[in-house]
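Dropping final-v8.pdb in here (PDB, N, CA and C atoms):
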```pdb
ATOM      1  N   MET A   1      29.669  47.947  44.584  1.00  0.00           N
ATOM      2  CA  MET A   1      29.550  49.402  44.478  1.00  0.00           C
ATOM      3  C   MET A   1      29.666  50.025  45.863  1.00  0.00           C
ATOM      4  N   GLY A   2      30.761  50.749  46.097  1.00  0.00           N
ATOM      5  CA  GLY A   2      30.983  51.377  47.394  1.00  0.00           C
ATOM      6  C   GLY A   2      30.557  52.839  47.377  1.00  0.00           C
ATOM      7  N   LEU A   3      30.749  53.477  48.499  1.00  0.00           N
ATOM      8  CA  LEU A   3      30.367  54.879  48.600  1.00  0.00           C
ATOM      9  C   LEU A   3      31.240  55.773  47.725  1.00  0.00           C
ATOM     10  N   GLY A   4      32.443  55.363  47.423  1.00  0.00           N
ATOM     11  CA  GLY A   4      33.335  56.161  46.599  1.00  0.00           C
ATOM     12  C   GLY A   4      32.899  56.230  45.144  1.00  0.00           C
ATOM     13  N   ASN A   5      31.985  55.367  44.718  1.00  0.00           N
ATOM     14  CA  ASN A   5      31.556  55.312  43.324  1.00  0.00           C
ATOM     15  C   ASN A   5      30.226  56.015  43.067  1.00  0.00           C
ATOM     16  N   ILE A   6      29.733  56.817  44.008  1.00  0.00           N
ATOM     17  CA  ILE A   6      28.423  57.451  43.842  1.00  0.00           C
ATOM     18  C   ILE A   6      28.479  58.499  42.737  1.00  0.00           C
ATOM     19  N   GLY A   7      29.409  59.411  42.788  1.00  0.00           N
ATOM     20  CA  GLY A   7      29.537  60.434  41.755  1.00  0.00           C
ATOM     21  C   GLY A   7      28.511  61.544  41.893  1.00  0.00           C
ATOM     22  N   LEU A   8      28.611  62.543  41.033  1.00  0.00           N
ATOM     23  CA  LEU A   8      27.728  63.704  41.075  1.00  0.00           C
ATOM     24  C   LEU A   8      26.264  63.361  40.775  1.00  0.00           C
ATOM     25  N   PRO A   9      25.971  62.564  39.754  1.00  0.00           N
ATOM     26  CA  PRO A   9      24.547  62.239  39.499  1.00  0.00           C
ATOM     27  C   PRO A   9      23.891  61.525  40.683  1.00  0.00           C
ATOM     28  N   GLY A  10      24.621  60.659  41.328  1.00  0.00           N
ATOM     29  CA  GLY A  10      24.085  59.959  42.491  1.00  0.00           C
ATOM     30  C   GLY A  10      23.822  60.905  43.644  1.00  0.00           C
ATOM     31  N   LEU A  11      24.748  61.833  43.874  1.00  0.00           N
ATOM     32  CA  LEU A  11      24.552  62.811  44.949  1.00  0.00           C
ATOM     33  C   LEU A  11      23.357  63.709  44.671  1.00  0.00           C
ATOM     34  N   LEU A  12      23.193  64.115  43.411  1.00  0.00           N
ATOM     35  CA  LEU A  12      22.034  64.935  43.052  1.00  0.00           C
ATOM     36  C   LEU A  12      20.733  64.170  43.265  1.00  0.00           C
ATOM     37  N   LEU A  13      20.724  62.905  42.909  1.00  0.00           N
ATOM     38  CA  LEU A  13      19.534  62.087  43.114  1.00  0.00           C
ATOM     39  C   LEU A  13      19.203  61.965  44.598  1.00  0.00           C
ATOM     40  N   ILE A  14      20.202  61.736  45.416  1.00  0.00           N
ATOM     41  CA  ILE A  14      20.000  61.638  46.871  1.00  0.00           C
ATOM     42  C   ILE A  14      19.467  62.956  47.411  1.00  0.00           C
ATOM     43  N   ALA A  15      20.037  64.089  46.955  1.00  0.00           N
ATOM     44  CA  ALA A  15      19.588  65.404  47.423  1.00  0.00           C
ATOM     45  C   ALA A  15      18.127  65.646  47.058  1.00  0.00           C
ATOM     46  N   VAL A  16      17.727  65.270  45.849  1.00  0.00           N
ATOM     47  CA  VAL A  16      16.332  65.451  45.432  1.00  0.00           C
ATOM     48  C   VAL A  16      15.404  64.586  46.273  1.00  0.00           C
ATOM     49  N   VAL A  17      15.783  63.350  46.532  1.00  0.00           N
ATOM     50  CA  VAL A  17      14.945  62.450  47.336  1.00  0.00           C
ATOM     51  C   VAL A  17      14.787  63.012  48.751  1.00  0.00           C
ATOM     52  N   VAL A  18      15.876  63.480  49.342  1.00  0.00           N
ATOM     53  CA  VAL A  18      15.813  64.047  50.700  1.00  0.00           C
ATOM     54  C   VAL A  18      14.922  65.281  50.703  1.00  0.00           C
ATOM     55  N   LEU A  19      15.062  66.131  49.696  1.00  0.00           N
ATOM     56  CA  LEU A  19      14.248  67.342  49.599  1.00  0.00           C
ATOM     57  C   LEU A  19      12.767  66.998  49.479  1.00  0.00           C
ATOM     58  N   VAL A  20      12.448  65.999  48.682  1.00  0.00           N
ATOM     59  CA  VAL A  20      11.051  65.598  48.510  1.00  0.00           C
ATOM     60  C   VAL A  20      10.496  64.995  49.807  1.00  0.00           C
ATOM     61  N   LEU A  21      11.286  64.172  50.480  1.00  0.00           N
ATOM     62  CA  LEU A  21      10.807  63.507  51.695  1.00  0.00           C
ATOM     63  C   LEU A  21      10.592  64.481  52.849  1.00  0.00           C
ATOM     64  N   PHE A  22      11.517  65.405  53.049  1.00  0.00           N
ATOM     65  CA  PHE A  22      11.471  66.266  54.230  1.00  0.00           C
ATOM     66  C   PHE A  22      10.944  67.663  53.952  1.00  0.00           C
ATOM     67  N   GLY A  23      11.043  68.141  52.737  1.00  0.00           N
ATOM     68  CA  GLY A  23      10.604  69.503  52.437  1.00  0.00           C
ATOM     69  C   GLY A  23      11.678  70.519  52.785  1.00  0.00           C
ATOM     70  N   ARG A  24      11.602  71.662  52.099  1.00  0.00           N
ATOM     71  CA  ARG A  24      12.646  72.665  52.264  1.00  0.00           C
ATOM     72  C   ARG A  24      12.659  73.264  53.672  1.00  0.00           C
ATOM     73  N   GLY A  25      11.492  73.520  54.243  1.00  0.00           N
ATOM     74  CA  GLY A  25      11.414  74.142  55.567  1.00  0.00           C
ATOM     75  C   GLY A  25      12.012  73.266  56.648  1.00  0.00           C
ATOM     76  N   LYS A  26      11.729  71.981  56.572  1.00  0.00           N
ATOM     77  CA  LYS A  26      12.244  71.050  57.589  1.00  0.00           C
ATOM     78  C   LYS A  26      13.767  70.959  57.514  1.00  0.00           C
ATOM     79  N   ILE A  27      14.308  70.923  56.295  1.00  0.00           N
ATOM     80  CA  ILE A  27      15.757  70.823  56.131  1.00  0.00           C
ATOM     81  C   ILE A  27      16.439  72.097  56.627  1.00  0.00           C
ATOM     82  N   SER A  28      15.874  73.269  56.316  1.00  0.00           N
ATOM     83  CA  SER A  28      16.506  74.514  56.752  1.00  0.00           C
ATOM     84  C   SER A  28      16.449  74.653  58.273  1.00  0.00           C
ATOM     85  N   SER A  29      15.354  74.218  58.891  1.00  0.00           N
ATOM     86  CA  SER A  29      15.283  74.291  60.354  1.00  0.00           C
ATOM     87  C   SER A  29      16.257  73.298  60.987  1.00  0.00           C
ATOM     88  N   LEU A  30      16.415  72.139  60.350  1.00  0.00           N
ATOM     89  CA  LEU A  30      17.373  71.156  60.853  1.00  0.00           C
ATOM     90  C   LEU A  30      18.798  71.703  60.777  1.00  0.00           C
ATOM     91  N   MET A  31      19.127  72.361  59.659  1.00  0.00           N
ATOM     92  CA  MET A  31      20.461  72.952  59.509  1.00  0.00           C
ATOM     93  C   MET A  31      20.669  74.078  60.525  1.00  0.00           C
ATOM     94  N   GLY A  32      19.598  74.813  60.823  1.00  0.00           N
ATOM     95  CA  GLY A  32      19.686  75.852  61.853  1.00  0.00           C
ATOM     96  C   GLY A  32      20.004  75.257  63.213  1.00  0.00           C
ATOM     97  N   GLU A  33      19.373  74.139  63.521  1.00  0.00           N
ATOM     98  CA  GLU A  33      19.641  73.459  64.796  1.00  0.00           C
ATOM     99  C   GLU A  33      21.074  72.935  64.850  1.00  0.00           C
ATOM    100  N   VAL A  34      21.551  72.408  63.730  1.00  0.00           N
ATOM    101  CA  VAL A  34      22.939  71.924  63.675  1.00  0.00           C
ATOM    102  C   VAL A  34      23.893  73.091  63.917  1.00  0.00           C
ATOM    103  N   GLY A  35      23.608  74.233  63.299  1.00  0.00           N
ATOM    104  CA  GLY A  35      24.445  75.421  63.497  1.00  0.00           C
ATOM    105  C   GLY A  35      24.458  75.873  64.946  1.00  0.00           C
ATOM    106  N   LYS A  36      23.288  75.858  65.593  1.00  0.00           N
ATOM    107  CA  LYS A  36      23.216  76.244  67.008  1.00  0.00           C
ATOM    108  C   LYS A  36      24.010  75.271  67.867  1.00  0.00           C
ATOM    109  N   GLY A  37      23.937  73.989  67.525  1.00  0.00           N
ATOM    110  CA  GLY A  37      24.683  72.981  68.285  1.00  0.00           C
ATOM    111  C   GLY A  37      26.181  73.180  68.160  1.00  0.00           C
ATOM    112  N   ILE A  38      26.644  73.480  66.948  1.00  0.00           N
ATOM    113  CA  ILE A  38      28.071  73.723  66.731  1.00  0.00           C
ATOM    114  C   ILE A  38      28.522  74.953  67.503  1.00  0.00           C
ATOM    115  N   THR A  39      27.702  76.020  67.469  1.00  0.00           N
ATOM    116  CA  THR A  39      28.035  77.244  68.198  1.00  0.00           C
ATOM    117  C   THR A  39      28.116  76.982  69.696  1.00  0.00           C
ATOM    118  N   ALA A  40      27.161  76.226  70.224  1.00  0.00           N
ATOM    119  CA  ALA A  40      27.171  75.904  71.658  1.00  0.00           C
ATOM    120  C   ALA A  40      28.385  75.062  72.022  1.00  0.00           C
ATOM    121  N   PHE A  41      28.759  74.132  71.146  1.00  0.00           N
ATOM    122  CA  PHE A  41      29.927  73.297  71.403  1.00  0.00           C
ATOM    123  C   PHE A  41      31.193  74.151  71.453  1.00  0.00           C
ATOM    124  N   LYS A  42      31.352  75.060  70.484  1.00  0.00           N
ATOM    125  CA  LYS A  42      32.534  75.928  70.460  1.00  0.00           C
ATOM    126  C   LYS A  42      32.587  76.807  71.700  1.00  0.00           C
ATOM    127  N   LYS A  43      31.426  77.322  72.124  1.00  0.00           N
ATOM    128  CA  LYS A  43      31.375  78.162  73.321  1.00  0.00           C
ATOM    129  C   LYS A  43      31.784  77.357  74.553  1.00  0.00           C
ATOM    130  N   GLY A  44      31.309  76.120  74.633  1.00  0.00           N
ATOM    131  CA  GLY A  44      31.679  75.270  75.761  1.00  0.00           C
ATOM    132  C   GLY A  44      33.163  74.966  75.790  1.00  0.00           C
ATOM    133  N   VAL A  45      33.757  74.718  74.622  1.00  0.00           N
ATOM    134  CA  VAL A  45      35.194  74.454  74.551  1.00  0.00           C
ATOM    135  C   VAL A  45      35.977  75.686  74.981  1.00  0.00           C
ATOM    136  N   ASN A  46      35.571  76.865  74.503  1.00  0.00           N
ATOM    137  CA  ASN A  46      36.265  78.099  74.870  1.00  0.00           C
ATOM    138  C   ASN A  46      36.138  78.376  76.360  1.00  0.00           C
ATOM    139  N   ASP A  47      34.950  78.169  76.933  1.00  0.00           N
ATOM    140  CA  ASP A  47      34.747  78.398  78.361  1.00  0.00           C
ATOM    141  C   ASP A  47      35.602  77.458  79.202  1.00  0.00           C
ATOM    142  N   SER A  48      35.667  76.194  78.803  1.00  0.00           N
ATOM    143  CA  SER A  48      36.458  75.243  79.590  1.00  0.00           C
ATOM    144  C   SER A  48      37.948  75.542  79.467  1.00  0.00           C
ATOM    145  N   THR A  49      38.381  76.016  78.295  1.00  0.00           N
ATOM    146  CA  THR A  49      39.780  76.388  78.129  1.00  0.00           C
ATOM    147  C   THR A  49      40.129  77.566  79.034  1.00  0.00           C
ATOM    148  N   LYS A  50      39.246  78.574  79.072  1.00  0.00           N
ATOM    149  CA  LYS A  50      39.479  79.739  79.941  1.00  0.00           C
ATOM    150  C   LYS A  50      39.518  79.307  81.407  1.00  0.00           C
ATOM    151  N   GLU A  51      38.611  78.404  81.779  1.00  0.00           N
ATOM    152  CA  GLU A  51      38.556  77.931  83.164  1.00  0.00           C
ATOM    153  C   GLU A  51      39.847  77.209  83.541  1.00  0.00           C
ATOM    154  N   LEU A  52      40.362  76.369  82.652  1.00  0.00           N
ATOM    155  CA  LEU A  52      41.614  75.666  82.924  1.00  0.00           C
ATOM    156  C   LEU A  52      42.778  76.642  83.060  1.00  0.00           C
ATOM    157  N   GLU A  53      42.798  77.677  82.194  1.00  0.00           N
ATOM    158  CA  GLU A  53      43.872  78.670  82.283  1.00  0.00           C
ATOM    159  C   GLU A  53      43.791  79.442  83.590  1.00  0.00           C
ATOM    160  N   GLU A  54      42.568  79.787  84.022  1.00  0.00           N
ATOM    161  CA  GLU A  54      42.409  80.515  85.281  1.00  0.00           C
ATOM    162  C   GLU A  54      42.826  79.649  86.468  1.00  0.00           C
ATOM    163  N   ASP A  55      42.473  78.354  86.421  1.00  0.00           N
ATOM    164  CA  ASP A  55      42.878  77.449  87.492  1.00  0.00           C
ATOM    165  C   ASP A  55      44.390  77.317  87.545  1.00  0.00           C
ATOM    166  N   ALA A  56      45.030  77.231  86.384  1.00  0.00           N
ATOM    167  CA  ALA A  56      46.481  77.106  86.340  1.00  0.00           C
ATOM    168  C   ALA A  56      47.136  78.372  86.879  1.00  0.00           C
ATOM    169  N   ALA A  57      46.568  79.522  86.571  1.00  0.00           N
ATOM    170  CA  ALA A  57      47.124  80.786  87.062  1.00  0.00           C
ATOM    171  C   ALA A  57      46.956  80.887  88.580  1.00  0.00           C
ATOM    172  N   ALA A  58      45.831  80.397  89.089  1.00  0.00           N
ATOM    173  CA  ALA A  58      45.594  80.459  90.532  1.00  0.00           C
ATOM    174  C   ALA A  58      46.523  79.525  91.293  1.00  0.00           C
ATOM    175  N   GLU A  59      46.893  78.417  90.648  1.00  0.00           N
ATOM    176  CA  GLU A  59      47.762  77.450  91.316  1.00  0.00           C
ATOM    177  C   GLU A  59      49.242  77.739  91.109  1.00  0.00           C
ATOM    178  N   ALA A  60      49.534  78.790  90.340  1.00  0.00           N
ATOM    179  CA  ALA A  60      50.932  79.125  90.079  1.00  0.00           C
ATOM    180  C   ALA A  60      51.629  79.444  91.399  1.00  0.00           C
ATOM    181  N   LYS A  61      52.852  79.005  91.499  1.00  0.00           N
ATOM    182  CA  LYS A  61      53.606  79.203  92.736  1.00  0.00           C
ATOM    183  C   LYS A  61      53.974  80.668  92.935  1.00  0.00           C
ATOM    184  N   ASP A  62      53.922  81.098  94.159  1.00  0.00           N
ATOM    185  CA  ASP A  62      54.426  82.417  94.523  1.00  0.00           C
ATOM    186  C   ASP A  62      55.901  82.222  94.852  1.00  0.00           C
ATOM    187  N   VAL A  63      56.780  82.751  93.996  1.00  0.00           N
ATOM    188  CA  VAL A  63      58.212  82.510  94.174  1.00  0.00           C
ATOM    189  C   VAL A  63      58.894  83.614  94.978  1.00  0.00           C
ATOM    190  N   THR A  64      58.090  84.517  95.550  1.00  0.00           N
ATOM    191  CA  THR A  64      58.677  85.572  96.361  1.00  0.00           C
ATOM    192  C   THR A  64      59.250  84.948  97.636  1.00  0.00           C
ATOM    193  N   PRO A  65      60.492  85.267  97.959  1.00  0.00           N
ATOM    194  CA  PRO A  65      61.072  84.709  99.203  1.00  0.00           C
ATOM    195  C   PRO A  65      60.263  85.143 100.407  1.00  0.00           C
ATOM    196  N   GLU A  66      60.247  84.315 101.451  1.00  0.00           N
ATOM    197  CA  GLU A  66      59.477  84.585 102.657  1.00  0.00           C
ATOM    198  C   GLU A  66      59.855  85.928 103.265  1.00  0.00           C
ATOM    199  N   THR A  67      61.122  86.300 103.230  1.00  0.00           N
ATOM    200  CA  THR A  67      61.560  87.550 103.866  1.00  0.00           C
ATOM    201  C   THR A  67      61.109  88.779 103.100  1.00  0.00           C
ATOM    202  N   GLU A  68      60.757  88.643 101.821  1.00  0.00           N
ATOM    203  CA  GLU A  68      60.359  89.789 101.005  1.00  0.00           C
ATOM    204  C   GLU A  68      58.845  89.988 100.974  1.00  0.00           C
ATOM    205  N   LYS A  69      58.043  89.050 101.413  1.00  0.00           N
ATOM    206  CA  LYS A  69      56.584  89.114 101.267  1.00  0.00           C
ATOM    207  C   LYS A  69      55.966  90.264 102.030  1.00  0.00           C
ATOM    208  N   ASP A  70      56.490  90.596 103.193  1.00  0.00           N
ATOM    209  CA  ASP A  70      55.864  91.640 104.023  1.00  0.00           C
ATOM    210  C   ASP A  70      56.363  93.035 103.673  1.00  0.00           C
ATOM    211  N   LYS A  71      57.322  93.161 102.781  1.00  0.00           N
ATOM    212  CA  LYS A  71      57.903  94.465 102.452  1.00  0.00           C
ATOM    213  C   LYS A  71      57.118  95.225 101.380  1.00  0.00           C
ATOM    214  N   ALA A  72      56.117  94.632 100.814  1.00  0.00           N
ATOM    215  CA  ALA A  72      55.393  95.255  99.712  1.00  0.00           C
ATOM    216  C   ALA A  72      54.605  96.455 100.084  1.00  0.00           C
TER
END
```
Here is a file; write its structure as structure tokens.
Amino acid sequence: MGLGNIGLPGLLLIAVVVLVLFGRGKISSLMGEVGKGITAFKKGVNDSTKELEEDAAAEAKDVTPETEKDKA
């Protein structure tokens, strides 16, 4: 019997056992923590992406010819 053979009755039984063992408050607070972790992870990914883009923009070559740089 593998995990693919659990089915709906098995999942319901597991959910009831988890609910009885941990209680509703503990599960909801745990899910809240998971949500905060996901949000923090997404924020970190977005911040690092912005940082990489800013670094790439700063390192972009200035293609203005040397003779034209002082004419601005």
Checklist entry - Quick one, how far is atom C of Ile6 in chain A from atom C of Ile27 in chain A? => result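 Atom-to-atom, atom C of Ile6 in chain A to atom C of Ile27 in chain A, that is 22.9 Å.
For the atom pair formed by atom N of Val17 in chain A and CA of Gly32 in chain A, the distance is 20.2 Å, given to one decimal.
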Centre and edges of the range 15-28 of chain A box, axis-aligned, 4 Å extra per side, as JSON:
```
{"center_x": 15.3, "center_y": 68.6, "center_z": 51.9, "size_x": 17.5, "size_y": 20.2, "size_z": 20.8}
```
Item to check | CA of Ser28 in chain A to CA of Val16 in chain A, straight-line distance in Å | outcome: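 Between these atoms lies a distance of 14.5 Å.
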Item to check | alpha helix (DSSP H) per DSSP on the backbone: members of range 21-70 of chain A, as number ranges by chain | outcome: A: 21-22, 24-58
